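J.: Take a look at input-v9.cif, mmCIF, C-alpha atoms:
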data_target
#
loop_
_atom_site.label_atom_id
_atom_site.label_comp_id
_atom_site.auth_asym_id
_atom_site.auth_seq_id
_atom_site.Cartn_x
_atom_site.Cartn_y
_atom_site.Cartn_z
CA MET P 1 19.11 24.22 -2.63
CA THR P 2 17.99 24.85 0.90
CA LYS P 3 18.83 22.44 3.65
CA ARG P 4 15.30 21.15 3.69
CA GLU P 5 15.24 20.53 -0.01
CA THR P 6 18.45 18.60 0.33
CA ILE P 7 16.85 16.51 3.01
CA LEU P 8 13.82 16.00 0.84
CA LEU P 9 16.00 14.95 -2.04
CA LYS P 10 17.96 12.56 0.14
CA ALA P 11 14.77 11.09 1.51
CA SER P 12 13.38 10.63 -1.97
CA ILE P 13 16.57 8.98 -3.15
CA ALA P 14 16.50 6.71 -0.13
CA PHE P 15 12.92 5.83 -0.93
CA ALA P 16 13.74 5.27 -4.55
CA ILE P 17 16.48 2.86 -3.57
CA LEU P 18 14.17 1.16 -1.11
CA PHE P 19 11.46 0.72 -3.64
CA ALA P 20 13.90 -0.31 -6.30
CA VAL P 21 13.83 -3.76 -4.78
CA ALA P 22 10.14 -4.30 -4.69
CA PRO P 23 9.23 -7.55 -6.32
CA THR P 24 5.65 -8.56 -6.13
CA VAL P 25 4.88 -11.36 -8.45
CA ASN P 26 1.19 -11.65 -7.94
CA ALA P 27 -0.72 -8.50 -7.85
CA MET P 28 -3.62 -6.41 -8.60
CA HIS P 29 -1.55 -4.44 -11.04
CA ILE P 30 -2.47 -4.55 -14.67
CA MET P 31 0.35 -6.30 -16.48
CA GLU P 32 2.74 -4.69 -18.93
CA GLY P 33 1.31 -4.50 -22.42
CA TYR P 34 -2.17 -5.55 -21.40
CA LEU P 35 -3.85 -2.18 -21.77
CA PRO P 36 -4.39 -0.42 -25.12
CA ALA P 37 -2.17 2.64 -25.60
CA GLY P 38 -5.01 5.16 -25.52
CA TYR P 39 -6.08 3.97 -22.08
CA CYS P 40 -2.50 4.04 -20.83
CA VAL P 41 -2.15 7.71 -21.74
CA ALA P 42 -5.60 8.66 -20.46
CA TRP P 43 -5.10 7.10 -17.02
CA GLY P 44 -1.70 8.73 -16.79
CA ILE P 45 -3.16 12.16 -17.44
CA ILE P 46 -5.94 11.60 -14.90
CA CYS P 47 -3.31 10.80 -12.27
CA LEU P 48 -1.24 13.92 -12.88
CA PRO P 49 -3.20 16.40 -10.75
CA PHE P 50 -3.21 13.97 -7.84
CA LEU P 51 0.53 13.55 -8.08
CA VAL P 52 1.18 17.28 -8.24
CA ALA P 53 -1.14 17.83 -5.28
CA GLY P 54 0.64 15.02 -3.48
CA PHE P 55 4.04 16.47 -4.10
CA ILE P 56 2.97 19.88 -2.87
CA SER P 57 1.30 18.34 0.17
CA LEU P 58 4.37 16.30 1.11
CA ASN P 59 6.62 19.28 0.57
CA LYS P 60 4.45 21.40 2.80
CA LYS P 61 4.42 18.79 5.53
CA ILE P 62 8.17 18.41 5.52
CA ASN P 63 8.66 22.16 5.40
CA ALA P 64 6.26 22.59 8.31
CA SER P 65 8.37 20.33 10.44
CA ARG P 66 11.23 18.04 9.69
CA ARG P 67 10.04 15.52 12.20
CA ASN P 68 7.10 14.75 9.91
CA LEU P 69 9.65 12.89 7.84
CA THR P 70 9.71 10.03 10.32
CA LEU P 71 6.02 9.29 9.89
CA ILE P 72 6.23 9.77 6.13
CA ALA P 73 9.11 7.31 6.06
CA MET P 74 7.15 4.88 8.21
CA SER P 75 4.08 5.16 5.99
CA GLY P 76 6.26 4.46 2.97
CA ALA P 77 7.96 1.56 4.71
CA PHE P 78 4.56 0.21 5.65
CA ILE P 79 3.49 0.16 1.99
CA PHE P 80 6.82 -1.47 1.29
CA VAL P 81 6.34 -4.31 3.77
CA ILE P 82 2.63 -4.82 3.26
CA SER P 83 2.78 -4.90 -0.53
CA SER P 84 5.56 -7.49 -0.36
CA LEU P 85 3.50 -9.98 1.59
CA LYS P 86 1.96 -12.44 -0.78
CA ILE P 87 -0.82 -14.17 1.01
CA PRO P 88 -2.74 -17.31 0.10
CA SER P 89 -6.44 -16.74 -0.13
CA VAL P 90 -9.62 -18.76 -0.03
CA THR P 91 -9.80 -19.03 -3.82
CA GLY P 92 -6.59 -21.04 -3.98
CA SER P 93 -4.56 -18.21 -5.44
CA CYS P 94 -2.25 -15.64 -3.92
CA SER P 95 -2.46 -11.90 -3.90
CA HIS P 96 -0.94 -9.08 -1.94
CA MET P 97 -2.16 -6.07 -0.06
CA THR P 98 -1.60 -2.42 -0.84
CA GLY P 99 -0.55 -0.88 2.46
CA THR P 100 -1.68 2.55 1.32
CA GLY P 101 -4.35 2.92 4.00
CA LEU P 102 -1.98 4.03 6.76
CA GLY P 103 -0.47 6.86 4.74
CA ALA P 104 -3.89 7.97 3.55
CA ILE P 105 -5.21 8.20 7.10
CA LEU P 106 -2.13 10.02 8.39
CA PHE P 107 -1.30 12.32 5.49
CA GLY P 108 -4.29 12.33 3.19
CA PRO P 109 -4.73 10.60 -0.15
CA ALA P 110 -2.71 13.06 -2.24
CA ALA P 111 0.52 12.48 -0.34
CA VAL P 112 0.15 8.72 -0.68
CA SER P 113 -0.16 8.96 -4.45
CA VAL P 114 3.49 10.04 -4.57
CA LEU P 115 4.63 7.21 -2.29
CA GLY P 116 2.55 4.79 -4.32
CA ILE P 117 3.80 5.78 -7.76
CA ILE P 118 7.41 5.38 -6.65
CA VAL P 119 6.66 1.77 -5.72
CA LEU P 120 4.87 1.19 -8.99
CA ILE P 121 7.58 2.72 -11.18
CA PHE P 122 10.31 0.61 -9.75
CA GLN P 123 8.26 -2.54 -9.71
CA ALA P 124 7.48 -1.96 -13.35
CA LEU P 125 11.07 -1.19 -14.33
CA LEU P 126 13.04 -3.65 -12.28
CA LEU P 127 10.69 -6.44 -11.45
CA ALA P 128 8.58 -6.83 -14.53
CA HIS P 129 5.63 -6.39 -12.27
CA GLY P 130 2.82 -4.10 -13.30
CA GLY P 131 4.27 -2.12 -16.17
CA ILE P 132 5.46 1.15 -17.60
CA THR P 133 2.65 1.20 -20.14
CA THR P 134 0.08 0.43 -17.47
CA LEU P 135 1.67 2.72 -14.88
CA GLY P 136 -1.02 5.38 -15.17
CA ALA P 137 -3.84 2.91 -14.70
CA ASN P 138 -2.12 1.17 -11.80
CA THR P 139 -1.29 4.47 -10.14
CA PHE P 140 -4.90 5.50 -10.45
CA SER P 141 -6.19 2.35 -8.77
CA MET P 142 -3.58 1.72 -6.09
CA ALA P 143 -2.09 5.12 -5.36
CA VAL P 144 -5.09 7.38 -5.98
CA MET P 145 -8.47 5.70 -5.65
CA GLY P 146 -7.56 3.23 -2.90
CA PRO P 147 -6.16 5.95 -0.63
CA VAL P 148 -9.06 8.30 -1.50
CA MET P 149 -11.48 5.58 -0.41
CA ALA P 150 -9.53 4.85 2.78
CA PHE P 151 -9.41 8.55 3.61
CA ALA P 152 -13.12 9.04 2.92
CA VAL P 153 -14.13 6.06 5.03
CA TYR P 154 -11.88 7.22 7.86
CA LYS P 155 -13.40 10.73 7.80
CA LEU P 156 -16.91 9.32 7.61
CA CYS P 157 -16.30 7.06 10.61
CA GLY P 158 -14.91 10.07 12.45
CA LYS P 159 -18.08 12.02 11.73
CA MET P 160 -20.08 9.13 13.11
CA ASN P 161 -17.96 9.16 16.27
CA MET P 162 -16.85 5.63 15.72
CA ASN P 163 -14.08 4.13 17.79
CA ARG P 164 -10.80 5.10 16.16
CA LYS P 165 -9.47 1.57 15.91
CA VAL P 166 -12.65 0.48 14.16
CA SER P 167 -12.43 3.48 11.82
CA VAL P 168 -8.82 2.70 10.92
CA PHE P 169 -9.71 -0.94 10.32
CA LEU P 170 -12.64 -0.11 8.04
CA ALA P 171 -10.65 2.56 6.20
CA ALA P 172 -7.69 0.32 5.40
CA LEU P 173 -9.97 -2.57 4.49
CA SER P 174 -12.09 -0.57 2.09
CA GLY P 175 -9.07 1.18 0.57
CA ASP P 176 -7.47 -2.16 -0.24
CA PHE P 177 -10.66 -3.65 -1.61
CA PHE P 178 -11.58 -0.57 -3.62
CA THR P 179 -8.22 -0.70 -5.37
CA TYR P 180 -9.26 -4.02 -6.86
CA CYS P 181 -12.70 -2.75 -7.79
CA VAL P 182 -11.10 0.11 -9.72
CA THR P 183 -8.71 -2.26 -11.45
CA SER P 184 -11.64 -4.44 -12.50
CA VAL P 185 -13.46 -1.46 -13.97
CA GLN P 186 -10.31 -0.30 -15.75
CA LEU P 187 -9.85 -3.70 -17.34
CA ALA P 188 -13.53 -3.84 -18.20
CA LEU P 189 -13.43 -0.45 -19.92
CA ALA P 190 -10.62 -1.67 -22.12
CA TYR P 191 -12.11 -5.12 -22.61
CA PRO P 192 -15.87 -4.89 -22.72
CA SER P 193 -17.56 -8.23 -22.95
CA GLU P 194 -19.24 -9.07 -26.27
CA VAL P 195 -22.44 -9.79 -24.46
CA GLY P 196 -23.33 -7.13 -21.90
CA GLY P 197 -20.46 -4.75 -22.63
CA THR P 198 -18.40 -3.02 -19.97
CA ALA P 199 -20.68 -3.80 -17.04
CA ALA P 200 -20.72 -7.52 -17.68
CA SER P 201 -16.99 -7.47 -18.16
CA ALA P 202 -16.46 -5.56 -14.90
CA VAL P 203 -18.47 -8.16 -13.03
CA LYS P 204 -16.30 -10.86 -14.59
CA PHE P 205 -13.04 -9.22 -13.57
CA LEU P 206 -14.39 -8.45 -10.14
CA GLY P 207 -15.37 -12.09 -9.88
CA VAL P 208 -11.71 -12.98 -10.31
CA PHE P 209 -10.23 -10.39 -7.97
CA ALA P 210 -12.82 -9.88 -5.24
CA PRO P 211 -13.03 -13.29 -3.56
CA THR P 212 -9.25 -13.48 -3.42
CA GLN P 213 -8.93 -9.99 -2.08
CA ILE P 214 -11.57 -9.90 0.65
CA PRO P 215 -9.62 -11.91 3.27
CA LEU P 216 -6.50 -9.93 2.39
CA ALA P 217 -8.32 -6.66 2.84
CA VAL P 218 -9.29 -7.85 6.32
CA ILE P 219 -5.66 -8.65 7.09
CA GLU P 220 -4.58 -5.24 5.81
CA GLY P 221 -7.17 -3.64 8.08
CA ILE P 222 -5.84 -5.60 11.04
CA LEU P 223 -2.19 -4.77 10.39
CA THR P 224 -2.98 -1.10 9.90
CA VAL P 225 -4.78 -1.03 13.25
CA VAL P 226 -1.78 -2.69 14.89
CA ILE P 227 0.67 -0.08 13.59
CA VAL P 228 -1.70 2.76 14.50
CA ILE P 229 -1.95 1.38 18.05
CA GLY P 230 1.83 1.34 18.17
CA LEU P 231 2.08 4.91 16.92
CA GLU P 232 -0.64 6.14 19.26
CA THR P 233 1.25 4.67 22.16
CA TYR P 234 4.75 5.84 21.36
CA ALA P 235 4.61 8.56 18.73
CA VAL P 236 2.14 10.98 20.26
CA PRO P 237 4.17 14.14 19.47
CA GLU P 238 4.51 13.15 15.81
CA LEU P 239 0.82 12.34 15.50
CA LYS P 240 -0.07 15.64 17.10
CA ASN P 241 2.25 17.38 14.72
CA ILE P 242 0.44 16.11 11.65
CA GLY P 243 -2.93 16.75 13.24
CA PHE P 244 -3.86 13.10 13.59
CA LEU P 245 -4.29 13.50 17.33
CA ARG P 246 -5.74 16.64 18.83
CA GLU P 247 -4.35 18.15 22.02
CA LYS P 248 -7.26 17.07 24.15
CA GLU P 249 -7.08 13.49 23.00
CA VAL P 250 -3.56 13.04 24.24
CA ARG P 251 -3.23 10.90 27.34
CA MET F 252 -0.72 -7.23 29.71
CA THR F 253 -2.22 -3.85 29.05
CA LYS F 254 -5.45 -3.52 27.15
CA ASN F 255 -3.66 -2.45 23.97
CA ALA F 256 -1.21 -5.31 24.19
CA LYS F 257 -4.12 -7.72 24.39
CA ILE F 258 -5.80 -6.15 21.39
CA VAL F 259 -2.59 -6.28 19.37
CA PHE F 260 -2.07 -9.90 20.32
CA ILE F 261 -5.59 -10.89 19.30
CA LEU F 262 -5.37 -8.89 16.06
CA LEU F 263 -2.05 -10.43 15.02
CA ALA F 264 -3.26 -13.92 15.88
CA SER F 265 -6.37 -13.49 13.76
CA ALA F 266 -4.32 -12.06 10.86
CA VAL F 267 -2.11 -15.15 10.93
CA LEU F 268 -5.18 -17.38 11.11
CA ILE F 269 -6.83 -15.72 8.11
CA ALA F 270 -3.62 -16.00 6.11
CA ALA F 271 -2.87 -19.59 7.05
CA ALA F 272 -6.35 -21.08 6.94
CA PRO F 273 -6.62 -21.35 3.12
CA LEU F 274 -3.39 -23.34 3.01
CA PHE F 275 -4.85 -26.03 5.21
CA ILE F 276 -8.37 -25.90 3.90
CA LEU F 277 -7.48 -25.96 0.21
CA ARG F 278 -4.79 -28.61 0.27
CA GLY F 279 -3.00 -29.03 -3.00
CA ALA F 280 -4.25 -25.77 -4.51
CA GLN F 281 -1.88 -23.90 -6.78
CA PHE F 282 -1.87 -20.56 -5.01
CA GLY F 283 -0.75 -18.81 -8.16
CA GLY F 284 -1.10 -15.09 -8.67
CA SER F 285 -4.47 -13.51 -9.18
CA ASP F 286 -3.09 -11.37 -12.01
CA ASP F 287 -2.58 -14.55 -14.02
CA ALA F 288 -6.28 -15.09 -13.56
CA GLY F 289 -6.72 -11.54 -14.88
CA SER F 290 -4.83 -12.23 -18.09
CA VAL F 291 -6.69 -15.48 -18.56
CA MET F 292 -9.88 -13.48 -18.28
CA ILE F 293 -8.70 -11.02 -20.93
CA GLU F 294 -8.04 -13.89 -23.32
CA ASP F 295 -11.44 -15.21 -22.43
CA ILE F 296 -13.03 -11.97 -23.60
CA GLU F 297 -10.69 -11.03 -26.42
CA GLY F 298 -9.70 -14.42 -27.69
CA GLU F 299 -5.95 -14.80 -28.20
CA TYR F 300 -4.15 -11.80 -26.71
CA THR F 301 -0.51 -10.89 -27.12
CA PRO F 302 0.77 -8.16 -24.79
CA TRP F 303 2.07 -5.32 -26.92
CA PHE F 304 4.90 -4.42 -24.60
CA THR F 305 7.40 -6.59 -22.72
CA PRO F 306 8.63 -5.56 -19.27
CA VAL F 307 11.90 -3.66 -19.52
CA LEU F 308 13.79 -6.00 -17.22
CA GLU F 309 12.63 -9.07 -19.10
CA THR F 310 13.89 -7.50 -22.32
CA ALA F 311 17.23 -6.76 -20.67
CA LEU F 312 17.58 -10.24 -19.17
CA ASP F 313 16.14 -11.88 -22.23
CA GLY F 314 13.77 -13.81 -20.04
CA GLU F 315 12.07 -13.77 -16.67
CA VAL F 316 13.82 -12.99 -13.40
CA PRO F 317 14.89 -16.36 -11.93
CA GLY F 318 12.57 -17.51 -9.15
CA GLU F 319 15.27 -17.80 -6.50
CA VAL F 320 16.61 -14.34 -7.28
CA GLU F 321 13.11 -12.99 -7.17
CA SER F 322 12.58 -14.42 -3.70
CA LEU F 323 15.89 -12.91 -2.62
CA ILE F 324 14.88 -9.43 -3.72
CA PHE F 325 11.49 -10.08 -2.24
CA CYS F 326 12.98 -10.80 1.19
CA ILE F 327 15.17 -7.71 0.95
CA GLN F 328 12.08 -5.62 0.32
CA THR F 329 10.30 -6.95 3.38
CA GLY F 330 13.44 -6.70 5.47
CA ILE F 331 14.15 -3.09 4.62
CA GLY F 332 10.55 -2.02 5.15
CA ALA F 333 10.38 -3.80 8.49
CA GLY F 334 13.76 -2.34 9.39
CA VAL F 335 12.66 1.25 8.79
CA ILE F 336 9.51 0.75 10.85
CA ALA F 337 11.37 -1.04 13.65
CA PHE F 338 14.09 1.62 13.76
CA PHE F 339 11.67 4.49 14.22
CA MET F 340 9.43 2.53 16.59
CA GLY F 341 12.47 1.68 18.69
CA ARG F 342 13.41 5.35 18.88
CA PHE F 343 9.87 6.29 19.87
CA VAL F 344 9.72 3.62 22.57
CA GLU F 345 13.05 4.61 24.07
CA ARG F 346 12.14 8.27 23.95
CA ARG F 347 8.99 7.68 25.92
CA LYS F 348 10.84 5.62 28.48
CA TRP F 349 13.39 8.37 28.85
CA GLN F 350 10.74 11.06 29.13
CA LYS F 351 8.94 9.10 31.81
CA ALA F 352 12.14 8.48 33.74
CA THR F 353 13.10 12.13 33.76
CA GLY F 354 9.56 13.30 34.41
CA MET F 355 9.52 15.26 31.19
CA GLU F 356 6.44 13.58 29.90
CA ASN F 357 4.50 16.77 29.53
CA ALA F 358 7.42 18.99 28.69
CA ASP F 359 7.88 20.45 25.26
CA ASP F 360 7.76 17.58 22.86
CA ARG F 361 10.57 18.94 20.79
CA LYS F 362 13.07 18.12 23.49
CA GLY F 363 12.50 14.46 22.89
CA ASP F 364 13.26 14.85 19.23
CA LYS F 365 16.98 14.74 18.86
#
Show the structure stored in the file as structure tokens.
T.:
Amino acid sequence: MTKRETILLKASIAFAILFAVAPTVNAMHIMEGYLPAGYCVAWGIICLPFLVAGFISLNKKINASRRNLTLIAMSGAFIFVISSLKIPSVTGSCSHMTGTGLGAILFGPAAVSVLGIIVLIFQALLLAHGGITTLGANTFSMAVMGPVMAFAVYKLCGKMNMNRKVSVFLAALSGDFFTYCVTSVQLALAYPSEVGGTAASAVKFLGVFAPTQIPLAVIEGILTVVIVIGLETYAVPELKNIGFLREKEVR
Amino acid sequence: MTKNAKIVFILLASAVLIAAAPLFILRGAQFGGSDDAGSVMIEDIEGEYTPWFTPVLETALDGEVPGEVESLIFCIQTGIGAGVIAFFMGRFVERRKWQKATGMENADDRKGDK
């Protein structure tokens, strides 16, 4: 094993231990045993290419420069903190945020899928939250589609020359919210309504998740902007390193 | 206060407001988890539904994780995450201070990375 691989391994073990204590009682995750086996396998297979791409992408980033590890660790820690905050919402129930927006903006959606699945695995195993059988589906919604959405929105805002803080806010917000949309569709595919089928069912599930999640998505947007402001102020070399800031934009 | 500090202050204040407002507006609400609502919805569509798999930990403990223990682990999670972020932020902040003091601000960035 090269020195870098050792570091990678150590980092991953550290992360694993970190995420091993990730209890989130109320969540967007589909609960253990609530998805038919065929769907569990199918979602898992769909996630595979994203995870492989994510692993390669992370590996490349760490190999390119060891200092990228600090931002990767911070993105992971951000998911860690944010997804632990259970927040009361306007519907009278609680939910939590995803925290995947930051990593998606900094490192791209593929890299986040790896960080995300680690959280999900340990939550499923040790905290009876989400589930091993529903891991594929939950990975697809929270660790793949959410970050993909956040990344796409961020790029789109960039194309439109939007203020960066606004772009980050919109990206994190839509990533969080989209995660719930995907979950609703996943549940609807497995449980089509007798009247109206999948579409009607999706609307029903969305009706449960969306109103709760909208204020939380706003909060996630806000918190992501706050951490990006912090990084832009103090971590300029790191951000330049990963290509988040270009030379001319610095100071 | 710098412009950024003001923005951060306003952002954090509004985040707290958004989070706290429902508590005061919807007094006496349950504030249960929205995934419970999800399983209720499944039963609504499917009729009676029994999950076909029990979480591994619940099988091992022969029951649910006790609430107090859950909140303990929950706090540890937040604490560690916040700790990692604070540790690196602290390093970044100090590094910039040091670079400014020694006039190395525009020097090779790598020198600041010990």
J.: Env of Gly332 in chain F: 7 Å cut, atoms = only C-alpha atoms, seq-sep filter 3 positions within chain, self excluded. Answer as a list in words.
T.: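 Within the cut-off, the hits are Ala77, Phe78, Phe80 and Val81 of chain P; Gln328, Thr329, Val335 and Ile336 of chain F.
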J.: Show which residues sit within 9 Å of Gly283 in chain F, as a PyMOL selection string. Count all atoms listed in the file, and ignore same-chain residues fewer than 6 positions away.
T.: chain P and resi 26+88+92-95
J.: Find the residues around Gly44 in chain P up to 7 Å (only C-alpha atoms counted), leave out those fewer than 4 positions away in its own chain, and share them as a list of chain:residue names.
T.: P:Cys40, P:Leu48, P:Gly136, P:Ala137
J.: Record the distance separating CA of Ala150 in chain P and CA of Leu231 in chain P, expressed in Å with one decimal.
T.: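 About the pair CA of Ala150 in chain P and CA of Leu231 in chain P: they are 18.3 Å apart.
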J.: Please identify all polymer residues within 12 Å of Ala200 in chain P, counting only C-alpha atoms, omitting same-chain residues fewer than 4 positions from it, and present them as number ranges by chain.
T.: P: 184-185, 187-189, 191-196, 204-207; F: 296
J.: Which distance in Å separates CA of Asn161 in chain P and CA of Gly101 in chain P, to one decimal?
T.: 19.4 Å
J.: Go through P:Val168, P:Gly230, P:Val218, P:Phe244 and flag the residue nearest Leu156 in chain P, using only C-alpha atoms for the distances.
T.: P:Val168
J.: Would you compute the distance between CA of Gly76 in chain P and CA of Leu245 in chain P? Give it in Å to one decimal.
T.: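 Separation of CA of Gly76 in chain P and CA of Leu245 in chain P: 20.0 Å.
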J.: Can you tell me which residues surround Ile258 in chain F at a distance of at most 10 Å, considering only C-alpha atoms, apart from same-chain residues fewer than 4 positions away, and format the answer as number ranges by chain?
T.: P: 225-226, 229; F: 252-254, 262-264
J.: Can you turn the PyMOL selection byres ((chain F and resi 268) around 12) into a concrete residue list for this file, as a list in words?
T.: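 When the PyMOL selection byres ((chain F and resi 268) around 12) is applied, the selected residues are Ile87, Pro88, Ser89, Pro215, Leu216, Val218, Ile219 and Ile222 of chain P; Ile261, Leu262, Leu263, Ala264, Ser265, Ala266, Val267, Ile269, Ala270, Ala271, Ala272, Pro273, Leu274, Phe275 and Ile276 of chain F.
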J.: Which of these residues is nearest to chain F, using all atoms listed in the file: P:Asn241, P:Ser84, P:Thr134, P:Thr179?
T.: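 Under the stated criterion, the closest residue is P:Ser84.
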J.: For Ile327 in chain F, which residue out of P:Ile56, P:Pro109, P:Leu85, P:Tyr234 is the nearest one, using only C-alpha atoms?
T.: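 Selected residue with least distance to Ile327 in chain F: P:Leu85.
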J.: Take every atom of range 328-338 of chain F listed in the file, fit an axis-aligned box around them, add 3 Å per side, and give the centre and edge lengths in Å to one decimal as lines of an AutoDock Vina configuration file.
T.:
center_x = 11.8
center_y = -2.7
center_z = 7.0
size_x = 10.6
size_y = 14.6
size_z = 19.4
J.: Using only C-alpha atoms, which residue out of P:Met162, P:Pro211, P:Val90, P:Leu239 lies closest to Leu277 in chain F?
T.: P:Val90
J.: Taking only C-alpha atoms into account, which of P:Ser174, P:Thr224, P:Thr98, P:Asn59 comes nearest chain F?
T.: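 When distances to chain F are compared using only C-alpha atoms, the smallest one comes from P:Thr224.
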J.: For Met340 in chain F, which residue among P:Ser83, P:Asn138, P:Ser167, P:Thr70 is the nearest when counting all atoms listed in the file?
T.: P:Thr70
